[in-house]
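With CSV, C-alpha atoms and all ligand atoms inside, this is run-v1.csv:
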```
chain,number,residue,atom,x,y,z
A,881,MET,CA,18.6,-18.1,-17.5
A,882,THR,CA,17.9,-15.3,-15.1
A,883,THR,CA,20.5,-12.6,-14.7
A,884,THR,CA,22.0,-12.1,-11.3
A,885,THR,CA,23.3,-8.7,-10.4
A,886,THR,CA,25.2,-8.9,-7.3
A,887,THR,CA,27.0,-10.2,-4.4
A,888,SER,CA,25.1,-10.6,-1.2
A,889,ASN,CA,23.0,-13.4,0.1
A,890,GLY,CA,21.7,-11.7,3.2
A,891,PRO,CA,21.5,-13.2,6.7
A,892,ALA,CA,19.7,-16.4,7.6
A,893,PRO,CA,15.9,-16.3,7.5
A,894,PRO,CA,14.1,-15.8,10.8
A,895,THR,CA,12.1,-19.0,10.7
A,896,LYS,CA,13.7,-22.1,9.2
A,897,PRO,CA,11.3,-24.7,7.9
A,898,THR,CA,11.3,-27.8,10.1
A,899,LYS,CA,8.7,-29.5,8.0
A,900,PRO,CA,8.9,-30.7,4.4
A,901,ILE,CA,9.5,-27.7,2.2
A,902,ILE,CA,6.2,-26.2,1.0
A,903,ASP,CA,6.1,-25.0,-2.6
A,904,PRO,CA,5.6,-21.2,-2.4
A,905,ALA,CA,3.7,-21.3,-5.7
A,906,SER,CA,0.9,-23.4,-4.4
A,907,SER,CA,0.9,-22.0,-0.8
A,908,ARG,CA,-1.3,-19.5,1.0
A,909,LEU,CA,1.0,-16.8,-0.4
A,910,PHE,CA,-1.3,-16.8,-3.4
A,911,LYS,CA,-4.6,-16.9,-1.5
A,912,PRO,CA,-6.4,-13.6,-2.1
A,913,LEU,CA,-7.2,-11.5,0.9
A,914,GLN,CA,-9.3,-8.4,1.6
A,915,VAL,CA,-7.3,-5.8,3.4
A,916,GLY,CA,-9.3,-2.7,4.3
A,917,LYS,CA,-11.1,-1.7,1.1
A,918,MET,CA,-8.5,-3.6,-1.0
A,919,GLN,CA,-8.9,-6.9,-2.7
A,920,LEU,CA,-5.4,-8.3,-2.8
A,921,ALA,CA,-4.7,-11.0,-5.2
A,922,HIS,CA,-1.9,-12.5,-3.1
A,923,ARG,CA,0.0,-12.0,0.2
A,924,ILE,CA,3.4,-10.8,-1.0
A,925,VAL,CA,3.8,-7.2,0.0
A,926,PHE,CA,6.2,-4.6,-1.2
A,927,PRO,CA,7.2,-2.9,2.1
A,928,PRO,CA,8.5,0.6,2.9
A,929,LEU,CA,12.2,1.0,2.0
A,930,THR,CA,14.2,4.2,2.3
A,931,ARG,CA,16.1,4.6,-1.0
A,932,ASN,CA,17.2,8.2,-1.1
A,933,ARG,CA,16.0,8.9,-4.6
A,934,ASN,CA,14.3,12.1,-3.8
A,935,ASP,CA,15.7,15.5,-4.7
A,936,GLU,CA,17.2,18.1,-2.4
A,937,ALA,CA,13.8,19.5,-1.7
A,938,HIS,CA,12.6,16.1,-0.5
A,939,THR,CA,10.5,15.6,-3.5
A,940,PRO,CA,10.3,12.3,-5.5
A,941,LEU,CA,12.3,12.3,-8.7
A,942,PRO,CA,10.3,11.4,-11.8
A,943,PHE,CA,12.0,8.0,-12.3
A,944,MET,CA,10.6,6.8,-9.0
A,945,ALA,CA,7.2,6.2,-10.7
A,946,LYS,CA,8.8,3.4,-12.8
A,947,TYR,CA,10.3,1.8,-9.7
A,948,TYR,CA,7.0,1.6,-7.8
A,949,ALA,CA,5.0,0.7,-10.9
A,950,ASP,CA,7.4,-2.2,-11.8
A,951,ARG,CA,6.9,-3.6,-8.3
A,952,ALA,CA,3.1,-3.3,-8.8
A,953,SER,CA,3.3,-5.3,-12.0
A,954,THR,CA,1.3,-8.2,-10.8
A,955,PRO,CA,-2.3,-6.8,-10.4
A,956,GLY,CA,-3.6,-6.9,-6.9
A,957,THR,CA,-0.3,-6.2,-5.2
A,958,LEU,CA,0.0,-4.0,-2.1
A,959,VAL,CA,2.8,-1.5,-2.6
A,960,ILE,CA,3.8,0.6,0.4
A,961,SER,CA,5.9,3.7,0.0
A,962,GLU,CA,9.1,4.5,1.7
A,963,ALA,CA,8.8,6.4,4.9
A,964,THR,CA,7.6,10.0,4.2
A,965,ALA,CA,7.8,13.0,6.5
A,966,VAL,CA,4.6,14.6,7.8
A,967,SER,CA,6.2,18.1,8.1
A,968,HIS,CA,9.3,19.8,6.6
A,969,LEU,CA,10.9,19.7,10.0
A,970,GLU,CA,10.8,15.9,10.0
A,971,GLU,CA,12.6,15.8,6.6
A,972,GLY,CA,15.7,15.2,8.7
A,973,GLN,CA,18.1,13.4,6.3
A,974,ASP,CA,19.2,14.2,2.8
A,975,ASN,CA,17.1,12.8,-0.1
A,976,THR,CA,14.3,11.4,2.1
A,977,PRO,CA,10.8,12.4,1.1
A,978,GLY,CA,8.0,14.5,2.5
A,979,PHE,CA,4.4,14.8,1.6
A,980,VAL,CA,3.8,18.4,2.6
A,981,SER,CA,4.2,20.9,-0.3
A,982,GLU,CA,2.0,21.0,-3.4
A,983,ARG,CA,5.1,20.0,-5.4
A,984,GLN,CA,5.7,16.9,-3.2
A,985,ALA,CA,2.0,15.9,-3.4
A,986,ALA,CA,2.0,16.2,-7.2
A,987,ALA,CA,5.1,14.1,-7.5
A,988,TRP,CA,3.6,11.4,-5.2
A,989,LYS,CA,0.3,11.5,-7.2
A,990,SER,CA,2.2,10.5,-10.3
A,991,ILE,CA,3.6,7.5,-8.4
A,992,ILE,CA,0.2,6.6,-7.0
A,993,ASP,CA,-1.3,6.8,-10.5
A,994,ALA,CA,1.4,4.6,-11.9
A,995,VAL,CA,0.7,1.9,-9.3
A,996,HIS,CA,-3.0,2.1,-9.9
A,997,ALA,CA,-2.5,1.8,-13.6
A,998,LYS,CA,-1.1,-1.7,-12.9
A,999,GLU,CA,-4.3,-2.5,-11.0
A,1000,SER,CA,-2.4,-2.7,-7.7
A,1001,TYR,CA,-2.9,-0.8,-4.4
A,1002,TYR,CA,-0.9,1.9,-2.7
A,1003,PHE,CA,-0.3,2.9,1.0
A,1004,GLN,CA,1.9,5.8,2.0
A,1005,GLN,CA,4.1,5.2,5.0
A,1006,ILE,CA,4.2,8.4,7.1
A,1007,TRP,CA,6.6,9.4,9.9
A,1008,GLY,CA,8.5,11.8,11.9
A,1009,MET,CA,12.3,11.2,12.4
A,1010,GLY,CA,12.9,13.0,15.6
A,1011,ARG,CA,16.4,12.5,16.9
A,1012,ALA,CA,17.2,10.1,14.0
A,1013,SER,CA,17.4,13.3,11.9
A,1014,TYR,CA,20.9,14.5,11.1
A,1015,PRO,CA,21.4,17.4,13.6
A,1016,GLU,CA,23.7,19.4,11.3
A,1017,PHE,CA,21.3,19.0,8.4
A,1018,LEU,CA,18.5,20.4,10.4
A,1019,ALA,CA,20.7,23.2,11.7
A,1020,LYS,CA,21.5,24.3,8.2
A,1021,LYS,CA,17.7,24.7,7.6
A,1022,GLY,CA,17.2,26.5,10.9
A,1023,PHE,CA,15.2,23.6,12.4
A,1024,LYS,CA,15.3,22.3,15.9
A,1025,TYR,CA,16.8,18.9,16.6
A,1026,ARG,CA,14.2,17.2,18.9
A,1027,SER,CA,12.9,14.1,20.5
A,1028,SER,CA,10.7,12.8,23.3
A,1029,SER,CA,13.5,13.6,25.7
A,1030,ALA,CA,17.0,15.2,25.7
A,1031,ILE,CA,18.7,11.8,25.3
A,1032,PRO,CA,21.3,11.6,22.5
A,1033,MET,CA,21.7,8.7,20.1
A,1034,ASP,CA,24.8,6.6,20.4
A,1035,ASP,CA,27.7,8.1,18.4
A,1036,VAL,CA,25.8,11.4,17.9
A,1037,GLU,CA,27.2,14.4,19.8
A,1038,ALA,CA,24.1,16.6,19.5
A,1039,ILE,CA,21.6,16.4,22.3
A,1040,PRO,CA,18.0,16.6,21.1
A,1041,GLN,CA,15.6,19.1,22.8
A,1042,GLU,CA,12.6,17.6,24.6
A,1043,MET,CA,9.5,18.4,22.6
A,1044,THR,CA,7.0,20.8,24.1
A,1045,GLU,CA,3.3,20.0,24.6
A,1046,GLU,CA,2.6,22.4,21.8
A,1047,GLU,CA,5.0,20.6,19.5
A,1048,ILE,CA,3.5,17.3,20.3
A,1049,LEU,CA,0.0,18.5,19.5
A,1050,GLU,CA,1.3,20.0,16.3
A,1051,ILE,CA,2.9,16.7,15.2
A,1052,ILE,CA,-0.4,14.9,15.7
A,1053,GLN,CA,-2.0,17.5,13.4
A,1054,SER,CA,0.8,17.0,10.9
A,1055,PHE,CA,0.0,13.3,10.7
A,1056,VAL,CA,-3.7,14.1,10.1
A,1057,ASP,CA,-3.0,16.7,7.5
A,1058,THR,CA,-0.5,14.4,5.7
A,1059,ALA,CA,-3.0,11.5,5.7
A,1060,ARG,CA,-5.6,13.8,4.1
A,1061,ARG,CA,-3.1,14.9,1.4
A,1062,VAL,CA,-2.3,11.2,0.6
A,1063,ILE,CA,-6.0,10.4,0.3
A,1064,ALA,CA,-6.6,13.5,-1.8
A,1065,ALA,CA,-3.8,12.4,-4.1
A,1066,GLY,CA,-5.5,9.1,-4.6
A,1067,GLY,CA,-3.7,6.9,-2.1
A,1068,ASP,CA,-5.5,3.9,-0.7
A,1069,GLY,CA,-4.3,4.6,2.8
A,1070,VAL,CA,-1.5,5.5,5.2
A,1071,GLU,CA,0.7,3.4,7.3
A,1072,ILE,CA,1.8,5.2,10.5
A,1073,HIS,CA,5.4,4.4,11.3
A,1074,CYS,CA,6.0,3.7,15.0
A,1075,ALA,CA,9.1,1.5,14.7
A,1076,HIS,CA,12.9,1.4,14.6
A,1077,GLY,CA,13.6,4.3,16.8
A,1078,TYR,CA,12.0,7.0,14.8
A,1079,LEU,CA,9.9,9.7,16.3
A,1080,LEU,CA,6.8,7.8,17.6
A,1081,ASP,CA,9.0,5.0,18.7
A,1082,GLN,CA,11.1,7.5,20.6
A,1083,PHE,CA,8.0,8.2,22.7
A,1084,LEU,CA,7.2,4.5,23.1
A,1085,SER,CA,10.7,3.4,24.3
A,1086,ASP,CA,11.5,3.8,28.0
A,1087,ALA,CA,15.2,3.9,26.9
A,1088,VAL,CA,14.6,7.2,25.1
A,1089,ASN,CA,11.5,8.7,26.7
A,1090,LYS,CA,12.3,10.0,30.2
A,1091,ARG,CA,9.5,12.5,30.4
A,1092,THR,CA,7.5,13.1,33.6
A,1093,ASP,CA,4.4,14.6,32.0
A,1094,ARG,CA,1.4,12.8,30.4
A,1095,TRP,CA,3.6,11.7,27.4
A,1096,GLY,CA,6.0,9.6,29.5
A,1097,GLY,CA,6.8,7.8,32.7
A,1098,SER,CA,4.4,4.9,32.4
A,1099,THR,CA,3.4,2.3,29.8
A,1100,GLU,CA,0.2,4.2,29.2
A,1101,ASN,CA,1.9,7.6,28.9
A,1102,ARG,CA,4.6,6.4,26.5
A,1103,ALA,CA,1.9,4.9,24.3
A,1104,ARG,CA,-0.2,8.1,24.4
A,1105,LEU,CA,1.3,9.8,21.3
A,1106,VAL,CA,1.1,6.8,18.9
A,1107,LEU,CA,-2.5,6.1,20.1
A,1108,GLN,CA,-3.5,9.7,19.7
A,1109,VAL,CA,-2.0,9.8,16.2
A,1110,VAL,CA,-3.8,6.7,15.2
A,1111,LYS,CA,-7.1,7.9,16.6
A,1112,ALA,CA,-6.8,11.3,15.0
A,1113,VAL,CA,-5.9,9.9,11.6
A,1114,VAL,CA,-8.7,7.3,11.8
A,1115,ASP,CA,-11.1,10.1,12.6
A,1116,ALA,CA,-9.9,12.0,9.5
A,1117,VAL,CA,-9.7,9.3,6.8
A,1118,GLY,CA,-11.4,6.2,8.2
A,1119,ALA,CA,-9.9,3.1,9.9
A,1120,ASP,CA,-9.9,1.0,6.8
A,1121,ARG,CA,-7.5,3.5,5.2
A,1122,VAL,CA,-5.1,3.4,8.2
A,1123,ALA,CA,-2.4,0.9,9.2
A,1124,LEU,CA,0.2,0.9,11.9
A,1125,ARG,CA,3.8,-0.4,11.9
A,1126,LEU,CA,5.5,-1.6,15.1
A,1127,SER,CA,8.9,-3.3,15.7
A,1128,PRO,CA,8.6,-4.7,19.2
A,1129,TYR,CA,12.1,-6.3,19.4
A,1130,ALA,CA,14.2,-3.9,17.4
A,1131,ALA,CA,17.1,-2.3,19.2
A,1132,PHE,CA,17.9,-0.1,16.1
A,1133,GLN,CA,18.7,3.5,17.2
A,1134,GLN,CA,18.6,2.4,20.8
A,1135,ALA,CA,14.8,2.4,21.1
A,1136,GLU,CA,14.5,-0.7,23.2
A,1137,LYS,CA,11.6,-1.4,25.5
A,1138,GLY,CA,12.1,-2.9,29.0
A,1139,ASP,CA,8.7,-4.6,29.1
A,1140,ILE,CA,8.0,-5.6,25.5
A,1141,HIS,CA,5.0,-7.7,26.2
A,1142,GLY,CA,3.4,-5.1,28.5
A,1143,GLN,CA,4.1,-2.2,26.3
A,1144,TYR,CA,2.7,-3.8,23.1
A,1145,LEU,CA,-0.2,-5.6,24.7
A,1146,TYR,CA,-1.4,-2.2,26.0
A,1147,ILE,CA,-1.3,-0.7,22.5
A,1148,ILE,CA,-3.2,-3.7,21.1
A,1149,GLU,CA,-5.8,-3.5,23.8
A,1150,GLN,CA,-6.3,0.3,23.3
A,1151,LEU,CA,-6.5,0.0,19.5
A,1152,LYS,CA,-9.2,-2.6,20.0
A,1153,ALA,CA,-11.1,-0.5,22.5
A,1154,THR,CA,-10.8,2.9,20.8
A,1155,VAL,CA,-10.8,2.6,17.0
A,1156,PRO,CA,-12.6,0.4,14.4
A,1157,PRO,CA,-10.4,-2.3,12.8
A,1158,LEU,CA,-7.5,-0.8,11.0
A,1159,ALA,CA,-6.7,-1.9,7.4
A,1160,TYR,CA,-3.8,-3.9,8.8
A,1161,LEU,CA,-1.1,-4.1,11.4
A,1162,SER,CA,2.5,-4.4,10.2
A,1163,LEU,CA,4.9,-6.1,12.5
A,1164,VAL,CA,8.7,-6.6,12.3
A,1165,GLU,CA,9.9,-10.0,13.3
A,1166,ALA,CA,12.4,-10.3,16.2
A,1167,THR,CA,15.1,-11.0,13.6
A,1168,GLY,CA,14.1,-8.1,11.4
A,1169,ASP,CA,16.0,-5.4,13.2
A,1170,PRO,CA,17.4,-3.1,10.5
A,1171,GLY,CA,20.6,-2.8,12.5
A,1172,ALA,CA,21.2,-6.4,11.5
A,1173,LEU,CA,19.4,-6.8,8.2
A,1174,ILE,CA,20.3,-3.5,6.4
A,1175,PHE,CA,23.6,-2.7,7.9
A,1176,GLY,CA,24.9,-6.3,8.2
A,1177,GLY,CA,25.1,-6.5,11.9
A,1178,LYS,CA,24.5,-9.6,14.0
A,1179,THR,CA,21.1,-11.3,13.9
A,1180,VAL,CA,19.8,-11.1,17.5
A,1181,ASN,CA,16.6,-12.2,19.3
A,1182,GLN,CA,16.6,-15.7,17.8
A,1183,GLY,CA,13.6,-17.6,19.1
A,1184,LYS,CA,11.4,-14.7,20.0
A,1185,THR,CA,8.1,-14.4,18.2
A,1186,LEU,CA,5.3,-12.0,17.5
A,1187,ASP,CA,2.8,-14.6,18.6
A,1188,PHE,CA,1.7,-12.7,21.7
A,1189,ILE,CA,0.6,-9.8,19.5
A,1190,LEU,CA,-1.2,-12.0,17.0
A,1191,GLU,CA,-3.0,-13.7,19.8
A,1192,ALA,CA,-4.1,-10.4,21.3
A,1193,TRP,CA,-5.0,-8.9,17.9
A,1194,ASP,CA,-7.0,-12.1,17.2
A,1195,ASN,CA,-7.5,-11.4,13.4
A,1196,ARG,CA,-9.1,-8.1,14.0
A,1197,SER,CA,-7.6,-7.2,10.7
A,1198,PRO,CA,-4.7,-8.8,8.6
A,1199,VAL,CA,-1.1,-8.6,9.8
A,1200,ILE,CA,1.9,-8.1,7.6
A,1201,VAL,CA,5.1,-9.7,8.9
A,1202,ALA,CA,8.6,-8.7,7.8
A,1203,GLY,CA,12.2,-9.6,8.5
A,1204,GLY,CA,14.5,-11.7,6.4
A,1205,TYR,CA,11.9,-13.9,4.7
A,1206,ARG,CA,12.6,-15.9,1.6
A,1207,PRO,CA,9.8,-17.5,-0.5
A,1208,GLU,CA,10.1,-20.9,1.2
A,1209,THR,CA,10.2,-19.6,4.7
A,1210,ALA,CA,7.3,-17.3,4.0
A,1211,ALA,CA,5.2,-20.1,2.6
A,1212,TRP,CA,6.1,-22.2,5.7
A,1213,ALA,CA,5.1,-19.2,7.9
A,1214,LEU,CA,1.7,-18.9,6.4
A,1215,GLU,CA,0.9,-22.6,6.2
A,1216,GLU,CA,2.3,-23.5,9.6
A,1217,HIS,CA,3.3,-20.8,12.1
A,1218,TYR,CA,0.6,-18.3,11.2
A,1219,LYS,CA,-2.0,-20.7,9.9
A,1220,LYS,CA,-4.7,-19.4,12.4
A,1221,TRP,CA,-4.4,-15.8,11.2
A,1222,ASP,CA,-4.7,-13.7,8.1
A,1223,VAL,CA,-1.1,-12.9,7.5
A,1224,LEU,CA,0.8,-11.4,4.6
A,1225,VAL,CA,4.6,-11.4,4.2
A,1226,ALA,CA,6.8,-8.4,3.2
A,1227,PHE,CA,10.0,-8.9,1.2
A,1228,GLY,CA,12.1,-5.8,1.3
A,1229,ARG,CA,15.5,-6.6,-0.2
A,1230,HIS,CA,14.2,-9.3,-2.6
A,1231,PHE,CA,11.5,-7.1,-3.9
A,1232,LEU,CA,13.8,-4.1,-4.5
A,1233,ALA,CA,16.0,-6.5,-6.6
A,1234,ASN,CA,13.1,-8.2,-8.4
A,1235,PRO,CA,10.5,-6.0,-10.0
A,1236,ASP,CA,8.6,-9.1,-10.9
A,1237,LEU,CA,9.1,-10.8,-7.5
A,1238,VAL,CA,5.4,-12.0,-7.3
A,1239,PHE,CA,5.6,-13.5,-10.8
A,1240,ARG,CA,9.0,-15.2,-10.0
A,1241,ILE,CA,7.6,-16.8,-6.8
A,1242,ARG,CA,4.5,-17.9,-8.6
A,1243,HIS,CA,6.6,-19.6,-11.3
A,1244,GLY,CA,9.5,-20.8,-9.3
A,1245,ILE,CA,12.0,-18.5,-11.1
A,1246,GLU,CA,15.4,-17.8,-9.5
A,1247,LEU,CA,15.7,-14.4,-7.9
A,1248,ASN,CA,18.1,-11.6,-8.8
A,1249,ARG,CA,20.5,-10.9,-6.0
A,1250,TYR,CA,20.4,-7.5,-4.3
A,1251,ASN,CA,23.3,-5.2,-4.1
A,1252,ARG,CA,23.6,-3.6,-0.7
A,1253,ALA,CA,26.1,-1.0,-1.9
A,1254,THR,CA,23.4,0.7,-4.0
A,1255,PHE,CA,20.5,0.6,-1.5
A,1256,TYR,CA,20.9,4.2,-0.6
A,1257,LEU,CA,22.7,5.7,-3.7
A,1258,ALA,CA,21.2,9.2,-3.6
A,1259,GLU,CA,19.3,10.4,-6.7
A,1260,SER,CA,20.6,7.5,-8.8
A,1261,GLU,CA,18.8,5.0,-11.0
A,1262,VAL,CA,21.7,2.7,-10.5
A,1263,GLY,CA,20.7,-0.2,-8.2
A,1264,TYR,CA,17.1,1.1,-8.6
A,1265,ASN,CA,15.6,0.9,-12.0
A,1266,ASP,CA,18.2,-1.5,-13.5
A,1267,TYR,CA,17.2,-4.8,-11.8
A,1268,PRO,CA,15.8,-6.8,-14.7
A,1269,PHE,CA,12.4,-8.5,-15.0
A,1270,SER,CA,12.8,-12.2,-15.7
A,1271,GLU,CA,12.9,-13.4,-19.3
A,1272,GLU,CA,9.9,-15.5,-18.5
A,1273,TYR,CA,7.9,-12.4,-17.4
A,1274,LEU,CA,9.0,-10.5,-20.5
A,1275,ALA,CA,8.0,-13.4,-22.8
A,1276,VAL,CA,4.5,-13.6,-21.3
A,1277,HIS,CA,4.1,-9.8,-21.3
A,1278,ALA,CA,5.6,-9.0,-24.7
A,1279,GLU,CA,3.6,-6.7,-26.8
A,1280,ALA,CA,1.9,-8.7,-29.6
B,1,LIG,C1,16.3,3.6,7.4
B,1,LIG,O1,16.2,4.6,6.7
B,1,LIG,O2,17.4,3.0,7.6
B,1,LIG,C2,15.1,3.0,7.9
B,1,LIG,C3,13.9,3.6,7.7
B,1,LIG,C4,12.8,3.1,8.2
B,1,LIG,C5,12.8,1.9,9.0
B,1,LIG,C6,14.0,1.3,9.2
B,1,LIG,C7,15.2,1.8,8.6
B,1,LIG,O3,11.7,1.5,9.5
```
For this file, produce the structure as structure tokens.
Amino acid sequence: MTTTTTTSNGPAPPTKPTKPIIDPASSRLFKPLQVGKMQLAHRIVFPPLTRNRNDEAHTPLPFMAKYYADRASTPGTLVISEATAVSHLEEGQDNTPGFVSERQAAAWKSIIDAVHAKESYYFQQIWGMGRASYPEFLAKKGFKYRSSSAIPMDDVEAIPQEMTEEEILEIIQSFVDTARRVIAAGGDGVEIHCAHGYLLDQFLSDAVNKRTDRWGGSTENRARLVLQVVKAVVDAVGADRVALRLSPYAAFQQAEKGDIHGQYLYIIEQLKATVPPLAYLSLVEATGDPGALIFGGKTVNQGKTLDFILEAWDNRSPVIVAGGYRPETAAWALEEHYKKWDVLVAFGRHFLANPDLVFRIRHGIELNRYNRATFYLAESEVGYNDYPFSEEYLAVHAEA
């Protein structure tokens, strides 16, 4: 019997199978796929998850290597790190990581090595937090609280300062420098975070970005920063080591877009025109808004799909989709909804609760349940390294 650890079932999946249930074990989830330079053995991805297990200096604690390596335990798995700051100023919340100092780079290198020792692959998700930083936390460190515009977040009193041209150019360089550090530490690539109301998304969103210079005011201008970051990072480390994450529908942290189709189709068109194929594109489903999924809010946007982006991207490189998937709905998505395209599926909450998730899906083994209460338990191994492998996995992998 498989141990269950907690309490929550999570919300309904985004896409309910309308056809006979497809057995995940024999589905395209287990069809190998080349992604950038990586030969993935299957299409089950461990996605970026903020877990707050870094120390006060925003450096990974040593036990994080076990957590990442466990989730890499099926060879040929793509493991993506939690979002990681590109400069100390963007380390805007307690216990979130950076990849800036030598000490931070060395700590990440141990994690990268541990994933590679399992013959799996590793991308680092890199970001700025902008106005999603905690203002009082930045103030203590003497850092400025800033965003695309001086528009505060709901329920936060502090008003961010509009970033200057010089600060914008500096942040582009910080993405480049961080990408170089990741590759120097052995990482297979970087995923640029432009989603969920964090810094790059604060430029993309017309609800947040009220600028009147070349970084705001039109679809083209709002997309300028993310496109320049992608281009600069691609020039530095090569397109097959670069990925981009977008969340077109998310209202999390009030980064809505008035013209979702126009805004995202422009980005896709520009990526196709200006950079070679990226390693992958990572897209959050309409129902994958963290406001609903992580914090238990209402599931919104039922019925809206990512299809317009997949059509425009047209298999230029693989696409990872995320947002409330379960093994059966993921199998259905790959066999039916996304059958025209090279798609992979990310499982956040199920993967954090099941270090052997890939093995469990392959063998139809019941999943451990996740415990929402320990998702963000700072610096603790509780709810982190204590989710068990299945007995079946342990039996197969027992030392002789
Ligand atoms: C979070 O820390 O809550 C978080 C981080 C990155 C995301 C979404 C949510 O993309």
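Near ligand LIG 1 (chain B), at distances of 7 Å or less and with all atoms listed in the file counted, sit the residues Leu929, Thr930, Ala963, Ala1075, His1076 and Pro1170 of chain A.
Distance check against Ser1085 in chain A using all atoms listed in the file: of A:Gln1134, A:Ser990, A:Asn1195, A:Asn932, the minimum falls on A:Gln1134.
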Atom pair CA of Ile1148 in chain A + CA of Ala965 in chain A, distance 24.8 Å
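All residues that come within 9 Å of the coordinates (9.7, 12.2, -7.0), counting all atoms listed in the file, are given as Arg933, Asn934, Asp935, His938, Thr939, Pro940, Leu941, Pro942, Phe943, Met944, Ala945, Pro977, Gln984, Ala986, Ala987, Trp988, Ser990 and Ile991 of chain A.
Among A:Ala1153, A:Ala1278, A:Met1033, A:Leu1161, the residue with the shortest atom-to-atom distance to Leu1190 in chain A, counting all atoms listed in the file, is A:Leu1161.
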Show me, as JSON lines, the residues of range 956-1039 of chain A having an atom within 10 Å of range 1110-1123 of chain A, each with the closest atom pair and its distance in Å, using only C-alpha atoms.
```
{"residue": "A:Phe1003", "atom": "CA", "partner": "A:Arg1121", "partner_atom": "CA", "distance": 8.4}
{"residue": "A:Gln1004", "atom": "CA", "partner": "A:Val1122", "partner_atom": "CA", "distance": 9.7}
{"residue": "A:Gln1005", "atom": "CA", "partner": "A:Ala1123", "partner_atom": "CA", "distance": 8.9}
```
For this session: Show which residues sit within 8 Å of Ile1200 in chain A, as a PyMOL selection string. Count all atoms listed in the file, and ignore same-chain residues fewer than 6 positions away.
Result: chain A and resi 925+1160-1163+1223-1226
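With all atoms listed in the file as the atoms that count, the residue of A:Phe910, A:Tyr1267, A:Tyr1002, A:Phe1083 with the shortest distance to Val1062 in chain A is A:Tyr1002.
With CA of Ile960 in chain A on one side and CA of His996 in chain A on the other, the separation reads 12.4 Å.
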Using all atoms listed in the file, the best pick from A:Ala1038, A:Ile1245, A:Ala1275, A:Ala1258 as closest to Ala905 in chain A would be A:Ile1245
Quick one: residues within 7 Å of Ser967 in chain A, all atoms listed in the file, excluding same-chain residues fewer than 5 positions away - as a ChimeraX atom specification?
/A:978,980,1054
